[in-house]
Structures are given as C-alpha cells and as structure tokens.
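K.L.:
Sharing a structure with you now.
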Amino acid sequence: MPSSTSYTPTKGKGTNPFDTTSYSDDDDSHSYDSAEESNHDTTGIKLDENKEEDSPVEASWQFLGDLPYRRVSIYESVAWGHSNSPDEIPSASKAKQKQRPGLACLPSQTNIKSSHLSPAEYTQFLASTTHTIIASCPNGGPIATITVPLTSSTSIQSALNNTEIRIMSNSGQVLSKIDFPPLNGIKTKRQQRNQYSASDVLTIGFTSRCILVLILRDSLCLTYSLSGKPILPPFYILHDAAKGSGTLELMEANTYDGGVAVLSANMSCALVEILDSKEEGDDAYRIGCHIASRTVRAIDWDEEADIGEEITGDGIGIGNGGDLHPIMDSNSSTYYALITPLATATHAKKDYISYTSVSVLPRIHTQTRHPEVFLGTSNNSVIICDTSSKGGIVDVNCQERIASPIVQMKFAPNGRFLACFTQRSIMTVISTNFETKVLDFDTSDGSSDLPHNMEWCGEDSVVLHWKNLGVLMVGPYGDWLRFPYSGVQNVHLCAEMDCCRVITDKSVEILQRVPPATAAMLRIGGIEPSAMLLDASDAFQDGSPASDEAARAITKTGFLMDAIEVCINAAALELDIKMQKRLLRAASYGMHFDYKDNNARGVMGGNSKKTNIANVRPSEVALLFVEVGKKIRVLNALRDPTIGFAMTVAQYDSVEATGVIARLIAMKRPALATSLATYLQLDEAVRAYARAARAAAYVATDFGRSDSETTDAAIKILNTDVKSSLMNRGGYATVALAASKAGRNGVANLLLTLEPSFSDKVPGLTAIGLYSDAAAVAAKAKDDDLIFHVLIEFEKACIAKNRDAAQAQLSYLSTVVKKFPAEAMNLLSKYFASMHDMKHVINLRNKAQDYAVSGTIVAKRALGLPREQDRLSVLQEASRIFAQGKDNSFLKSSTDEYLELILEQERLRRAYGSDVIAKTSSVTDTIFNVLCYAAVKLREANKLLMESEKLAKKFKVPEKRLWHTKIRAFSATDQWQNMRHLAESRAKAPISYKYFALAAIKRRREVSDILWYIQKVTDGEERYDLFCESKLWKRALDEAKRLDDVRRVMHIRSVCNTPDIQQMCDNFAASQA
C-alpha cells in the first residue's frame, strides 16, 4: 500500500543545499537500509513498519516554505526485470533478484563475464563502465531502460556491442524486451545494413500515446509499442543523414508528449510528431503543418513496385529484405510521423551563434496550436521556432534575464513557465513569454556539474538530481528540500501533471504537493468543517458519544455538505488505502446526518412512508460518493504490484477511463481491462475492444485444448454481457488474428466464420493466408477497396514465398485467375491496364484465355501512342493476341486492316508529302483527305484520284460510301469539274443525284449548276424539296402543281415572301376547292 515515509529531508532557504553538515547519513539510514534488510524479497507497495499508527498525517509532510509536500513510496524493494507477480517468484529466483544491479542490465549474450564478481562489485563495475538511460511513460505508465557503454570506456564499447531495451511496469515486471541492434541489422534506403552498436544510442523516451522513441546519434529514429513491436519504419530525422552526406552527430534529443526534437552538431534542428490518422484532430492538424514537413507511415515498410516484379528493398525496414510488416504492431498502421525541419542552421550562421539546448512547448499551450521549439543560444538568449505553416524564428533577446547560456530547459505542465539551467549552475524560472522572471537559484556551491535530471513537480516546484548528491526540490521563493538518495546508482525523475515520479534502483516514489483542501483538513489543530467531520467520524469509530454532538455542530454551521465533498475528493487524492477508507467513512458519516435532517422527501434518505418510493432519487453528494468510490477501486487495482500502474486521480481524469483500458491492453492486462470496462459501464465499443483483447490473449496461450474447445471458450468471452452479436463487430477477426499468430489456424477459421463485419473479416482472412476466401467475401461486399487489399496482400505473399520474380508472377496470376472471383480479376486487369508496362495485363488475360479483352486493351493502348512505329509494333502484338482465340477473327481482321491502313498512309505521305493525310484511323477519312489534297496538288490530281480508288478497292469500301465521300470532298475543295465528271460517269448512279444538288446548294453555286443536278433527280418529291432548299419558289410551285399537292402549295405560300407567288398559290388552292 502506498505510504508517506517518515523520513524528513534536509530543507532550507537561501543556504547551500549541498552543505554536507546540514544532514547526517544516519538520518537517511532507516529509509533504505532497513527496508533492504527486511523486505528484500518483495516487489509490492509497503508501509513504513516503524511508523506509529496514531501519529498525525502532517508529521509525514515536508514544507517547501509554506507549501506542504509529501513523499509517497509506491513500490519498495523493487526487483527490476522479474516476469512474475511477487507471490509467484520461486525462492531461488528471489535470491537471484537480490543480485540484480537495479535498473542497469546487460543482455545474456554480452561478452562481459560477471560470474566471478560479487553483487556489489558487479554493480560498481556497471556504474563505472556503463550508463543506463531511463524513460518513463506519462501518467503513471511503464518505464523503459537501456544500458549503454560510457563513451570514455573504449574497452567496454568493444565488448558491449549489443544491449537490450526493457519495458517494465512500475513494480518491475517485464512487459517486453527489444534487442538492439536488431539481430538482422537495420535496413535503410542508402545502406543495405547499417552496423550499429549500443554506443550509438543517444536517448529513449515515451510519448503520451505510449510509443517508445529510440534516437541514435546519426538521427535515425526507431519507434516501438509497449509490446516491443515496431510501429513505424526506421527513418532519419535530419535530411543530411538521410542523404548520406558525411558524418552527422546529434548533440541532443528532447522527447516530449508529442514526439521528439533533435539538435545536431552543425546546428540543424528538426521536430518529429507522432500522430494517429484515426483521430480527426490529427488529420485536420496536419493540414496546417509547415510546407517543408514530410511524413513517414507504416506502409513505408515496403517500397512500391509493380505486381509481379521483385521488391528491391529500397524502403527502410528491419530484418530480411525489408519484409517486416508481419511483425509490426497490429494497431500501428494508423500511426505516422510528421517530420518538420527547421531553418536553425541558417539562423545560427547568420548571427554567428551556436545552440546549447533544445526543448519543445506542446501544441496545446501555443497560440498556433502547433509545437514551438525553444533553443538556448551561446549568446545567453533563446530562439523560438514556429512549426506551423507560417514558420519563422524569433529571438526573445533575454540576455538581461539570463546570465549565461542555457544548457537545460523544462516546461511546466501548464506551459506557463520555463525552468532553465545555465552553464554557471543557476536555475532560473521564467515565464514562457520571457517577460517575468520568477526565480534565480544558485547551485554552484554544491556542484558545478550539470544535473542529471531536471523536472517539474506539479506546477509549484522544480526537482533536480545530481548523481551521488541526491534530489533537490526548489520552490517559487527560493525554498528548497533535499532528498539524498544514497545506496542507489540510478535515479530518474518523471514529471507528471500533479507530481514527480522518482524511479530508483530500489523503489518508485512520488513527490507531490499536498492538495490545499486536504492540507487544511489534515493539519494538526485544523478547524475546517471537513477536519471537524473527520474528527467526529473517528470519534464515532472509537465509540465516543461526543461524535454525535460534533456532527450536529457542523450541521448547524451549514457547511456539512461542503465538508462531505472535501472528504470525498480528498479520499480520491490519497494513495494510502487506510486513509482512503478513513476519509470515505467520514463522508458517509456526514451523509447520514444530512439525510436524517433533510426535509426534501424526494432525496434518498428521507421518510419513504410519506413519498412514492419510485420517485426517490440519490442526492448529488451521494452520486459523487459512488463515483469517487468506483474511481478509487479502479486506481487501487491499477496500483497493485501485479499491474504496476502508478496513476493518481488527476492523471486518471486526464487519460480518462477509455485511455486506461487501452493502456492496460497495451501492457498485456486484458483481463483487468475487461473487468474495469464492465465495472465502469463504459461504452459498448470499449467493452467489446477489451473482451476481444482478452479472448485474443486466451487463444494465444491455450494449447491444451482442441480447436473447437478453444473456439467455444473464446466465443464465450466475447459474448459475455452482450445483447446482440452485432456488438462484437470486428471482435471475432481480432481474436482470429491472435490465434493465427499463435499457430492456431483452425481456431482462426472457426472464428472468422462468425465475423459479421466484411471490413474486419477480409483482413482477417488475408492475415491467415486464405486469400481466395477473402476475395470472395470482398466481392460479396461489393467493395473495391477490400478486393484490392486482398490482391496486394496476396502479391506480397507470393513474392515472399518465391523470390524469383518470374515464378512469383506466374503463381500470382494463375491463382487469381483460377481461384479468385471474376470481380477480383476484372479489378486487377483494370489496374494493370493503367500501368505503363502492358505485360502484366496481357499475362493476366492470357492466363484466363480471354484473348479478346487482352487484345482490345493492347489495341486501345496503341491508339494513344504518339510515334507511328510504336503504334505499329503494339498493333502487331494485338493482332497476335487476337489470333490465339477461336472467336476473334473479326477483331484480328480489323486490327490487320488498320495496320495496312497505317502502312498505306505512310506510303502516301512519302509519295505526296506529309500533309496529304492527317492522323486518322478511318479509311473513309483517309480517302477524303486524299481527294481533298487533289485540289492542292493540281498536277497530281489524277494520281490522287486513282489512289482513292485503290484505297476503296483494297479496303472494300462500299460504292455508295465512296460516292458520298467524293461528293463531300469535291464540294469542300470546290472541285466542281470533278463533281460534274462524277455525276456523268454513270448512266445510273449508285446514289441519288439529290446529294450532288444539296452539295451545290450548300456551297451556293450558280442557279444553272444547281438546276443541272436537280434535273437529274427523277423523284418529284425530292425535286420539290431541292427547289425549296434553293429557294426557287416558282419552280417549286410548278413541281407542287405537277404533284397536285395543295399542302405543298400552301407551304410555299407560308415561306415565300413574293406577292406574285403567294397569289398564284391562292389561285391554285381556290381551283382545287
């Protein structure tokens, strides 16, 4: 159970906090030595056994000026790196835990031999030759450690090439281990295998999304989930490193809640933000990012390549050939990195300055809602880099407030203040707008070295740690407290929103300001209503009759409800279960008095005899009591050593219950996540997610039963407290994926048959290798995206199975044709047809023996080619494809004729000039162009006319079409002589002469020419229409009279404006009446 230790630290104001005379080593001995002697074999939370039960709570506080602080030990005697709960550790393993050197750890395959060293000697050896980098996840989350050789120790560097990252809970239980460097090296774009070693690690850190970020000295960034699986492909943060231009060395890397900022030796700086495409806010945020920003996504594991061609590995990945996507975290595909380069190198060169430190102000605290990067400069100033689309660098010119260059910077949780540590060992607290300086605190008397850690403790104090000197807490008015952590080599400070987590080789503690309301209530001699209520409750528990009088006295003041609320809220803020119960008993005791004296009969606790029981409702305080009670139970369950989630109530409210559930699942605690989701009555989607995670964990570890039994058990877990099967949409697929990864494909198949969601069922089937079934389901859903997803995944599987590109393509296309539905083949064909290389679509359609479609696609592609020679070769290929089909004779003959037409056109161009024929695929248009060109080349007109006849005969152009083409060409180019010859060439023309007349009328020829053609028309109605078209009204009237058609006569009268003609029309109409 958490407790406030009885140790009182050294404190003071305005004196040297590191003066060795200001404290005694004996004062500190019982805090660690006695606990080590009596509690070596435990990893849980321990109360101080020497603490007197009746001692006041205030006695355990330490005052930073007027502000009370408490030092709460969450986990004592932690055995870092164990893999079981405390009760499950065998005695032999417990003895081995005593020899572990705390947070430092070397992998078993290291070349360093430590068997001949005692535990103390081994610990001292590690302290002198290695350095352990510690990172902690915000809001009480897990921690990560990695032990690397000191840069000054060349011998240890050569021996310690490999190391490992351990991700552990706060109680020391290992969640995952990550080998570094990876066993198969790190594959980058420019270098097939980069040989890294443990000394190349610069820092590690967690984001607020529980993503572990590993930064190497050449700016290479690796990201991992809590389960130790990669989230994004490794990527270089700085462009210079990505281009491979020279040696690049990072000076500093600063991780923060949203990502990491890096600063190189050449003064280049860049910011990396880890975003999630599932969150709407992140996608909208990306729109306003800097124009120079670039993204790295999970899909970048594989380089884009045509289907059927071997992936060359030009992407970035870990392992063999870059095919690492199968080992990625299943929930990582939505994450992506937004990398924003900053123009800091240009600014430094222009102003002749260098940078000494870097820090990031999160976007929630900036006006632009984009992070701002703060860089300390060598001229005692700070520049602020805006990462939004506006960009820009601003120098705040704070030389008057800062006496020397800043080497460390940390922002307060509220973003209003900045703690700076300078080269002269002065810690300065200043507002983030650099207008107000709050504090200058000189630490040079104790140490001229830089602090190992500097973090905020809530919003009222700054905590600093020097190795072998302890932890120093500095208040806003120069007050300080010193906590000398002796007997430990590693101390890590983790800033939280309401406290500071202190992680050491032996324990996990919290330094926290006592909340004002709690301090007023628990202070010795407190007279607050809440303090009086607490005393009355304690008296009632002791059986004192004075408790009733004390409670009634509070009731008379009218502050009873306020006192109850203070007790309830204070219970939520406490970490000690005994104190939580004590405060909740006081609140419950006060509520009994309030209900007894409450006149509102509609409130629970009133006289039920005088009111309808259905109308009784709980009061607001009762609801608060129940809500806080639930919250306290949840937090106590999270802080249990078997879970190791050191979270306070403020952090719980910040993360929210759904965030806690997600973190528990990431920490491989799905059973507790399911229980909490049900207990808190969270949204059904959250509960379904937790149930699916629990069922997935079950099927991945249950190897003693048959597939049907395991499936039934998983279904039972999924359907617990479920009213409709639709509430488990996606759940069956999630569990099936876990079963497939565990080698239980039978279980996976049985579960996927129950999955109602197509969008989840298809990826599940592809993940277990049932690609044809997945394609059938996608086709049934009529979702092109799902079909294409199956095709792409199946292509990757074929390439991974057979590295020979030709064999992989053959297997891929054969399976798609034979086993996939027609919708999949058609979609793939459409995709292939859009590619520049047509061999894939030809191979696909030929495999399906669909030669007509294959040849048609090739022929269409030929029509779009600009070069004649290319068109000829592609059309010949189309003709060859058509020839392979039995029913494609028409398509083949059409293609062959077009090839002949192209050759004839090319011959005519060579013979008569390039202008003779425009680019066309029509025989009729070709003849038309030749006839028209006869009007240009008069000397060769007869030859051209003969050429047109040859073309018509060769391509079997119908005679009627040929005559129409000649009429159109002759009239368009005013070859009226040739027109007359054409009309006289036959006694009986194959077409009507009216077309000759219409051509003459359209070109507005003389009346005599028009009449010559009309007279050759034998049909009277056609002659009438031609006369009307040429506006020869008298002849039209005569033709109408000859036809004896009054309707046509009256039509002439209506369209003719000549009075004489109109009179003649009237006379004829009268004569017919």
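Scheme for the structure tokens: letters A, B, ... for chains in order shown; per-chain residue numbers from 1; ligand numbers from 1 in order shown.
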Cys567 in chain A: which residues within 7 Å, counting only C-alpha atoms, same-chain residues fewer than 4 positions away excluded, as a list in words?
P.N.:
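With the cut-off at 7 Å, the set is Ser530, Ala563, Ala571, Leu583, Leu584, Ala586 and Ala587 of chain A.
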K.L.:
Mind checking which residues fall within 10 Å of range 967-971 of chain A, counting only C-alpha atoms, ignoring those fewer than 4 positions away in the same chain, and posting them as a list in words?
P.N.:
Asp925, Ile927, Phe928, Asn929, Val930, Leu931, Cys932, Tyr933, Ala934, Ala935, Arg961, Leu962, Trp963, Gln975, Trp976, Gln977, Asn978, Met979, Arg980, Leu982, Ala983, Tyr995, Phe996, Leu998, Ala999, Ala1000, Lys1002 and Arg1003 of chain A
K.L.:
Mind checking which residues fall within 9 Å of Cys494 in chain A, counting only C-alpha atoms, ignoring those fewer than 3 positions away in the same chain, and posting them as a list in words?
P.N.:
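So, after excluding close chain neighbours, the residues are Ala135, Ser136, Cys137, Pro138, Asn453, Glu455, Trp456, Cys457, Cys499, Cys500, Arg501, Val502 and Ile503 of chain A.
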K.L.:
Residues near Phe180 in chain A, anyone? I mean within 7 Å using only C-alpha atoms, not counting same-chain ones fewer than 4 positions away, as a PyMOL selection string.
P.N.:
chain A and resi 162-164+198
K.L.:
Give me a file of those residues, with C-alpha atoms, as a short mmCIF file (atom, residue, chain, number, x, y, z; two decimals), in the first residue's frame.
P.N.:
data_model
loop_
_atom_site.label_atom_id
_atom_site.label_comp_id
_atom_site.auth_asym_id
_atom_site.auth_seq_id
_atom_site.Cartn_x
_atom_site.Cartn_y
_atom_site.Cartn_z
CA ASN A 162 24.66 -5.47 -28.17
CA THR A 163 22.23 -4.43 -25.49
CA GLU A 164 18.50 -4.63 -24.89
CA ALA A 198 24.93 0.00 -28.14
#
K.L.:
Out of A:Val358, A:Met409, A:Val72, A:Ala348, which residue has the shortest atom-to-atom distance to Asn379 in chain A when counting only C-alpha atoms?
P.N.:
A:Ala348
K.L.:
Pick out the residues sitting within 12 Å of Asp1019 in chain A, and hand them over as number ranges by chain; count only C-alpha atoms, and ignore anything fewer than 6 positions along from it in its own chain.
P.N.:
A: 992-994, 1025-1026, 1039, 1042-1043
K.L.:
If you keep N, CA and C atoms, can you produce a file of those selected residues as a tab-separated table (two decimals), in the first residue's frame?
P.N.:
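Generated output (out.tsv):
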chain	number	residue	atom	x	y	z
A	992	SER	N	-28.56	8.79	-105.09
A	992	SER	CA	-29.42	9.78	-105.70
A	992	SER	C	-28.63	11.03	-106.04
A	993	TYR	N	-29.08	11.69	-107.12
A	993	TYR	CA	-28.40	12.93	-107.53
A	993	TYR	C	-28.75	14.10	-106.62
A	994	LYS	N	-29.70	13.87	-105.75
A	994	LYS	CA	-30.06	14.98	-104.85
A	994	LYS	C	-28.87	15.37	-103.97
A	1025	ASP	N	-38.36	19.31	-102.84
A	1025	ASP	CA	-37.56	19.66	-101.66
A	1025	ASP	C	-36.29	20.41	-102.05
A	1026	LEU	N	-35.69	20.02	-103.15
A	1026	LEU	CA	-34.47	20.70	-103.59
A	1026	LEU	C	-34.77	22.12	-104.06
A	1039	GLU	N	-43.60	22.32	-109.48
A	1039	GLU	CA	-43.44	20.91	-109.11
A	1039	GLU	C	-44.57	20.44	-108.19
A	1042	ARG	N	-47.57	19.93	-110.28
A	1042	ARG	CA	-47.43	18.69	-111.03
A	1042	ARG	C	-47.76	17.50	-110.13
A	1043	LEU	N	-47.47	17.61	-108.88
A	1043	LEU	CA	-47.79	16.55	-107.92
A	1043	LEU	C	-49.23	16.65	-107.43
